[in-house]
Amino acid sequence: MIEILSVVLQIAGAFFYFAGTLGLLRFPDVYSRLHALAKADNLGLGCVLIGLALQAESVAVALKLLLIWPLALAASAGVSYAIARRADSLGVVPWCKEKH
């Protein structure tokens, strides 16, 4: 049963990675692209790491795997902030749908 749950979590993680990549390619501006990457990829990473932790051979290995997630969340937040701040300082305006 644990193996099935692990595989389901890893497939869900792959789906979220795919969704984040699709958002990166399809969204119109840097701000919405950052949002897609920050949300979808971090959720995908969490699913993959939990799925791998379920298959870990020891609790120490599982905890090391799970420690990757908050570190990646912190790094993602910092990098996203830096990119958005730089885009703002360069005058990149957020995309806005035209109102008719």
# chains A, B, ... in the order shown; residues from 1 in each chain; ligands from 1
>>> select_by_dssp(residues="range 26-58 of chain A", states="alpha helix (DSSP H)", output="PyMOL selection string")
chain A and resi 26+30-36+42-54
>>> residues_around(residues="range 55-67 of chain A", least_positions_apart="6", cutoff="8 Å", atoms="only C-alpha atoms", output="PyMOL selection string")
chain A and resi 2-3+6+49
>>> write_last_selection(atoms="N, CA and C atoms", output="compact mmCIF listing (two decimals), in the first residue's frame")
# COMPACT_ATOMS: atom_id res chain seq x y z
N ILE A 2 1.97 1.24 0.75
CA ILE A 2 2.86 2.40 0.79
C ILE A 2 3.49 2.65 -0.58
N GLU A 3 3.80 1.57 -1.29
CA GLU A 3 4.39 1.74 -2.62
C GLU A 3 3.41 2.42 -3.57
N SER A 6 3.19 6.05 -2.67
CA SER A 6 4.43 6.70 -3.10
C SER A 6 4.40 7.00 -4.60
N LEU A 49 9.04 14.53 -2.99
CA LEU A 49 9.85 14.23 -1.81
C LEU A 49 9.10 13.39 -0.78
>>> residues_around(residues="Ser32 in chain A", least_positions_apart="3", cutoff="12 Å", atoms="only C-alpha atoms", output="mmCIF file with N, CA, C and O atoms, in the first residue's frame")
data_model
loop_
_atom_site.group_PDB
_atom_site.id
_atom_site.type_symbol
_atom_site.label_atom_id
_atom_site.label_comp_id
_atom_site.auth_asym_id
_atom_site.auth_seq_id
_atom_site.Cartn_x
_atom_site.Cartn_y
_atom_site.Cartn_z
ATOM 1 N N GLY A 20 3.704 23.754 -13.862
ATOM 2 C CA GLY A 20 4.569 24.914 -13.649
ATOM 3 C C GLY A 20 5.358 25.267 -14.892
ATOM 4 O O GLY A 20 5.508 26.436 -15.243
ATOM 5 N N LEU A 22 4.487 24.522 -17.972
ATOM 6 C CA LEU A 22 3.516 25.043 -18.933
ATOM 7 C C LEU A 22 3.195 26.507 -18.630
ATOM 8 O O LEU A 22 3.106 27.333 -19.545
ATOM 9 N N GLY A 23 3.033 26.840 -17.348
ATOM 10 C CA GLY A 23 2.796 28.227 -16.973
ATOM 11 C C GLY A 23 3.962 29.123 -17.330
ATOM 12 O O GLY A 23 3.781 30.257 -17.769
ATOM 13 N N LEU A 24 5.179 28.620 -17.138
ATOM 14 C CA LEU A 24 6.365 29.386 -17.495
ATOM 15 C C LEU A 24 6.384 29.711 -18.988
ATOM 16 O O LEU A 24 6.761 30.803 -19.402
ATOM 17 N N LEU A 25 5.955 28.774 -19.794
ATOM 18 C CA LEU A 25 5.979 28.962 -21.242
ATOM 19 C C LEU A 25 4.787 29.751 -21.768
ATOM 20 O O LEU A 25 4.892 30.424 -22.791
ATOM 21 N N ARG A 26 3.646 29.678 -21.074
ATOM 22 C CA ARG A 26 2.421 30.240 -21.628
ATOM 23 C C ARG A 26 1.995 31.581 -21.028
ATOM 24 O O ARG A 26 1.274 32.328 -21.679
ATOM 25 N N PHE A 27 2.368 31.875 -19.783
ATOM 26 C CA PHE A 27 1.889 33.101 -19.155
ATOM 27 C C PHE A 27 2.542 34.321 -19.787
ATOM 28 O O PHE A 27 3.671 34.272 -20.252
ATOM 29 N N PRO A 28 1.848 35.462 -19.761
ATOM 30 C CA PRO A 28 2.279 36.603 -20.563
ATOM 31 C C PRO A 28 3.411 37.462 -19.996
ATOM 32 O O PRO A 28 4.090 38.142 -20.760
ATOM 33 N N ASP A 29 3.599 37.500 -18.685
ATOM 34 C CA ASP A 29 4.623 38.398 -18.149
ATOM 35 C C ASP A 29 5.446 37.703 -17.072
ATOM 36 O O ASP A 29 5.142 36.592 -16.638
ATOM 37 N N HIS A 35 4.907 33.377 -10.509
ATOM 38 C CA HIS A 35 3.852 32.789 -9.679
ATOM 39 C C HIS A 35 3.641 31.318 -10.027
ATOM 40 O O HIS A 35 3.533 30.472 -9.132
ATOM 41 N N ALA A 36 3.613 31.025 -11.310
ATOM 42 C CA ALA A 36 3.426 29.629 -11.735
ATOM 43 C C ALA A 36 4.562 28.748 -11.234
ATOM 44 O O ALA A 36 4.331 27.646 -10.726
ATOM 45 N N LEU A 37 5.777 29.229 -11.361
ATOM 46 C CA LEU A 37 6.917 28.436 -10.909
ATOM 47 C C LEU A 37 6.941 28.285 -9.399
ATOM 48 O O LEU A 37 7.178 27.194 -8.874
ATOM 49 N N ALA A 38 6.692 29.372 -8.689
ATOM 50 C CA ALA A 38 6.774 29.323 -7.229
ATOM 51 C C ALA A 38 5.714 28.401 -6.645
ATOM 52 O O ALA A 38 5.988 27.653 -5.702
ATOM 53 N N LYS A 39 4.528 28.422 -7.174
ATOM 54 C CA LYS A 39 3.448 27.608 -6.602
ATOM 55 C C LYS A 39 3.506 26.157 -7.087
ATOM 56 O O LYS A 39 3.584 25.230 -6.302
ATOM 57 N N ALA A 40 3.444 25.975 -8.386
ATOM 58 C CA ALA A 40 3.319 24.624 -8.926
ATOM 59 C C ALA A 40 4.573 23.786 -8.700
ATOM 60 O O ALA A 40 4.489 22.624 -8.302
ATOM 61 N N SER A 80 12.544 34.421 -6.338
ATOM 62 C CA SER A 80 11.378 35.046 -6.971
ATOM 63 C C SER A 80 11.277 36.514 -6.594
ATOM 64 O O SER A 80 10.972 37.367 -7.433
ATOM 65 N N ILE A 83 13.973 38.455 -8.546
ATOM 66 C CA ILE A 83 13.625 38.609 -9.965
ATOM 67 C C ILE A 83 12.505 39.635 -10.132
ATOM 68 O O ILE A 83 12.574 40.506 -11.002
ATOM 69 N N ALA A 84 11.487 39.557 -9.285
ATOM 70 C CA ALA A 84 10.372 40.505 -9.381
ATOM 71 C C ALA A 84 10.834 41.924 -9.063
ATOM 72 O O ALA A 84 10.415 42.886 -9.716
ATOM 73 N N VAL A 93 6.062 46.321 -16.503
ATOM 74 C CA VAL A 93 4.728 46.455 -15.905
ATOM 75 C C VAL A 93 3.980 45.125 -15.975
ATOM 76 O O VAL A 93 4.161 44.361 -16.938
ATOM 77 N N PRO A 94 3.163 44.840 -14.979
ATOM 78 C CA PRO A 94 2.374 43.600 -15.024
ATOM 79 C C PRO A 94 1.396 43.608 -16.193
ATOM 80 O O PRO A 94 0.854 44.663 -16.567
ATOM 81 N N TRP A 95 1.167 42.454 -16.749
ATOM 82 C CA TRP A 95 0.238 42.312 -17.862
ATOM 83 C C TRP A 95 -1.165 42.605 -17.365
ATOM 84 O O TRP A 95 -1.552 42.218 -16.266
ATOM 85 N N CYS A 96 -1.942 43.296 -18.173
ATOM 86 C CA CYS A 96 -3.311 43.615 -17.825
ATOM 87 C C CYS A 96 -4.181 43.404 -19.065
ATOM 88 O O CYS A 96 -3.863 43.908 -20.141
#
>>> closest_residue(among="A:Val48, A:Ala75, A:Val30, A:Leu90", to="Val8 in chain A", atoms="only C-alpha atoms")
A:Val48
>>> closest_residue(among="A:Ile50, A:Gly13, A:Leu34, A:Phe18", to="Gly78 in chain A", atoms="only C-alpha atoms")
A:Leu34
>>> decode(residues="range 43-71 of chain A", atoms="N, CA, C and O atoms", output="PDB file, in the first residue's frame")
ATOM      1  N   LEU A  43       4.940  22.776  -4.995  1.00  0.00           N
ATOM      2  CA  LEU A  43       3.999  21.712  -4.651  1.00  0.00           C
ATOM      3  C   LEU A  43       4.441  20.392  -5.281  1.00  0.00           C
ATOM      4  O   LEU A  43       4.368  19.332  -4.650  1.00  0.00           O
ATOM      5  N   GLY A  44       4.911  20.448  -6.512  1.00  0.00           N
ATOM      6  CA  GLY A  44       5.420  19.236  -7.166  1.00  0.00           C
ATOM      7  C   GLY A  44       6.613  18.659  -6.424  1.00  0.00           C
ATOM      8  O   GLY A  44       6.705  17.444  -6.231  1.00  0.00           O
ATOM      9  N   LEU A  45       7.519  19.525  -5.988  1.00  0.00           N
ATOM     10  CA  LEU A  45       8.673  19.056  -5.228  1.00  0.00           C
ATOM     11  C   LEU A  45       8.233  18.398  -3.929  1.00  0.00           C
ATOM     12  O   LEU A  45       8.755  17.343  -3.552  1.00  0.00           O
ATOM     13  N   GLY A  46       7.272  18.996  -3.259  1.00  0.00           N
ATOM     14  CA  GLY A  46       6.768  18.405  -2.016  1.00  0.00           C
ATOM     15  C   GLY A  46       6.174  17.026  -2.230  1.00  0.00           C
ATOM     16  O   GLY A  46       6.437  16.093  -1.460  1.00  0.00           O
ATOM     17  N   CYS A  47       5.386  16.870  -3.269  1.00  0.00           N
ATOM     18  CA  CYS A  47       4.786  15.557  -3.564  1.00  0.00           C
ATOM     19  C   CYS A  47       5.856  14.518  -3.879  1.00  0.00           C
ATOM     20  O   CYS A  47       5.792  13.391  -3.386  1.00  0.00           O
ATOM     21  N   VAL A  48       6.823  14.894  -4.699  1.00  0.00           N
ATOM     22  CA  VAL A  48       7.895  13.952  -5.055  1.00  0.00           C
ATOM     23  C   VAL A  48       8.697  13.558  -3.817  1.00  0.00           C
ATOM     24  O   VAL A  48       8.995  12.379  -3.605  1.00  0.00           O
ATOM     25  N   LEU A  49       9.040  14.535  -2.985  1.00  0.00           N
ATOM     26  CA  LEU A  49       9.855  14.227  -1.806  1.00  0.00           C
ATOM     27  C   LEU A  49       9.096  13.391  -0.784  1.00  0.00           C
ATOM     28  O   LEU A  49       9.674  12.486  -0.170  1.00  0.00           O
ATOM     29  N   ILE A  50       7.822  13.651  -0.594  1.00  0.00           N
ATOM     30  CA  ILE A  50       7.038  12.813   0.319  1.00  0.00           C
ATOM     31  C   ILE A  50       6.939  11.399  -0.233  1.00  0.00           C
ATOM     32  O   ILE A  50       7.066  10.417   0.503  1.00  0.00           O
ATOM     33  N   GLY A  51       6.727  11.290  -1.553  1.00  0.00           N
ATOM     34  CA  GLY A  51       6.684   9.965  -2.173  1.00  0.00           C
ATOM     35  C   GLY A  51       7.997   9.215  -2.013  1.00  0.00           C
ATOM     36  O   GLY A  51       8.008   8.014  -1.744  1.00  0.00           O
ATOM     37  N   LEU A  52       9.115   9.912  -2.148  1.00  0.00           N
ATOM     38  CA  LEU A  52      10.415   9.269  -1.965  1.00  0.00           C
ATOM     39  C   LEU A  52      10.673   8.935  -0.497  1.00  0.00           C
ATOM     40  O   LEU A  52      11.257   7.902  -0.182  1.00  0.00           O
ATOM     41  N   ALA A  53      10.233   9.826   0.408  1.00  0.00           N
ATOM     42  CA  ALA A  53      10.436   9.582   1.841  1.00  0.00           C
ATOM     43  C   ALA A  53       9.677   8.342   2.299  1.00  0.00           C
ATOM     44  O   ALA A  53      10.132   7.637   3.205  1.00  0.00           O
ATOM     45  N   LEU A  54       8.531   8.074   1.681  1.00  0.00           N
ATOM     46  CA  LEU A  54       7.777   6.866   2.033  1.00  0.00           C
ATOM     47  C   LEU A  54       8.542   5.600   1.679  1.00  0.00           C
ATOM     48  O   LEU A  54       8.339   4.553   2.299  1.00  0.00           O
ATOM     49  N   GLN A  55       9.409   5.680   0.688  1.00  0.00           N
ATOM     50  CA  GLN A  55      10.182   4.511   0.271  1.00  0.00           C
ATOM     51  C   GLN A  55      11.583   4.478   0.871  1.00  0.00           C
ATOM     52  O   GLN A  55      12.352   3.571   0.566  1.00  0.00           O
ATOM     53  N   ALA A  56      11.912   5.443   1.710  1.00  0.00           N
ATOM     54  CA  ALA A  56      13.258   5.517   2.282  1.00  0.00           C
ATOM     55  C   ALA A  56      13.519   4.316   3.183  1.00  0.00           C
ATOM     56  O   ALA A  56      12.618   3.785   3.828  1.00  0.00           O
ATOM     57  N   GLU A  57      14.794   3.918   3.227  1.00  0.00           N
ATOM     58  CA  GLU A  57      15.160   2.740   4.011  1.00  0.00           C
ATOM     59  C   GLU A  57      15.296   3.016   5.497  1.00  0.00           C
ATOM     60  O   GLU A  57      15.305   2.096   6.295  1.00  0.00           O
ATOM     61  N   SER A  58      15.410   4.304   5.871  1.00  0.00           N
ATOM     62  CA  SER A  58      15.500   4.642   7.298  1.00  0.00           C
ATOM     63  C   SER A  58      14.831   5.987   7.542  1.00  0.00           C
ATOM     64  O   SER A  58      14.593   6.759   6.619  1.00  0.00           O
ATOM     65  N   VAL A  59      14.561   6.241   8.803  1.00  0.00           N
ATOM     66  CA  VAL A  59      13.941   7.506   9.179  1.00  0.00           C
ATOM     67  C   VAL A  59      14.899   8.663   8.905  1.00  0.00           C
ATOM     68  O   VAL A  59      14.478   9.747   8.495  1.00  0.00           O
ATOM     69  N   ALA A  60      16.187   8.447   9.103  1.00  0.00           N
ATOM     70  CA  ALA A  60      17.176   9.501   8.850  1.00  0.00           C
ATOM     71  C   ALA A  60      17.170   9.927   7.386  1.00  0.00           C
ATOM     72  O   ALA A  60      17.211  11.124   7.078  1.00  0.00           O
ATOM     73  N   VAL A  61      17.096   8.972   6.488  1.00  0.00           N
ATOM     74  CA  VAL A  61      17.055   9.290   5.058  1.00  0.00           C
ATOM     75  C   VAL A  61      15.756  10.017   4.725  1.00  0.00           C
ATOM     76  O   VAL A  61      15.759  11.000   3.966  1.00  0.00           O
ATOM     77  N   ALA A  62      14.647   9.576   5.291  1.00  0.00           N
ATOM     78  CA  ALA A  62      13.362  10.231   5.042  1.00  0.00           C
ATOM     79  C   ALA A  62      13.383  11.675   5.535  1.00  0.00           C
ATOM     80  O   ALA A  62      12.900  12.581   4.850  1.00  0.00           O
ATOM     81  N   LEU A  63      13.959  11.916   6.710  1.00  0.00           N
ATOM     82  CA  LEU A  63      14.038  13.275   7.239  1.00  0.00           C
ATOM     83  C   LEU A  63      14.950  14.157   6.391  1.00  0.00           C
ATOM     84  O   LEU A  63      14.664  15.343   6.192  1.00  0.00           O
ATOM     85  N   LYS A  64      16.027  13.592   5.893  1.00  0.00           N
ATOM     86  CA  LYS A  64      16.903  14.364   5.003  1.00  0.00           C
ATOM     87  C   LYS A  64      16.170  14.748   3.724  1.00  0.00           C
ATOM     88  O   LYS A  64      16.310  15.865   3.221  1.00  0.00           O
ATOM     89  N   LEU A  65      15.394  13.819   3.187  1.00  0.00           N
ATOM     90  CA  LEU A  65      14.609  14.119   1.995  1.00  0.00           C
ATOM     91  C   LEU A  65      13.591  15.222   2.286  1.00  0.00           C
ATOM     92  O   LEU A  65      13.419  16.148   1.489  1.00  0.00           O
ATOM     93  N   LEU A  66      12.931  15.131   3.431  1.00  0.00           N
ATOM     94  CA  LEU A  66      11.912  16.115   3.764  1.00  0.00           C
ATOM     95  C   LEU A  66      12.516  17.478   4.112  1.00  0.00           C
ATOM     96  O   LEU A  66      11.832  18.495   4.013  1.00  0.00           O
ATOM     97  N   LEU A  67      13.769  17.513   4.512  1.00  0.00           N
ATOM     98  CA  LEU A  67      14.443  18.772   4.803  1.00  0.00           C
ATOM     99  C   LEU A  67      14.716  19.566   3.522  1.00  0.00           C
ATOM    100  O   LEU A  67      14.820  20.797   3.555  1.00  0.00           O
ATOM    101  N   ILE A  68      14.783  18.893   2.407  1.00  0.00           N
ATOM    102  CA  ILE A  68      15.015  19.571   1.130  1.00  0.00           C
ATOM    103  C   ILE A  68      13.873  20.524   0.812  1.00  0.00           C
ATOM    104  O   ILE A  68      14.096  21.623   0.294  1.00  0.00           O
ATOM    105  N   TRP A  69      12.650  20.134   1.157  1.00  0.00           N
ATOM    106  CA  TRP A  69      11.487  20.925   0.778  1.00  0.00           C
ATOM    107  C   TRP A  69      11.491  22.333   1.383  1.00  0.00           C
ATOM    108  O   TRP A  69      11.378  23.317   0.638  1.00  0.00           O
ATOM    109  N   PRO A  70      11.618  22.504   2.707  1.00  0.00           N
ATOM    110  CA  PRO A  70      11.628  23.885   3.217  1.00  0.00           C
ATOM    111  C   PRO A  70      12.829  24.697   2.726  1.00  0.00           C
ATOM    112  O   PRO A  70      12.717  25.916   2.546  1.00  0.00           O
ATOM    113  N   LEU A  71      13.947  24.034   2.499  1.00  0.00           N
ATOM    114  CA  LEU A  71      15.094  24.765   1.955  1.00  0.00           C
ATOM    115  C   LEU A  71      14.806  25.263   0.539  1.00  0.00           C
ATOM    116  O   LEU A  71      15.141  26.393   0.182  1.00  0.00           O
TER     117      LEU A  71
END
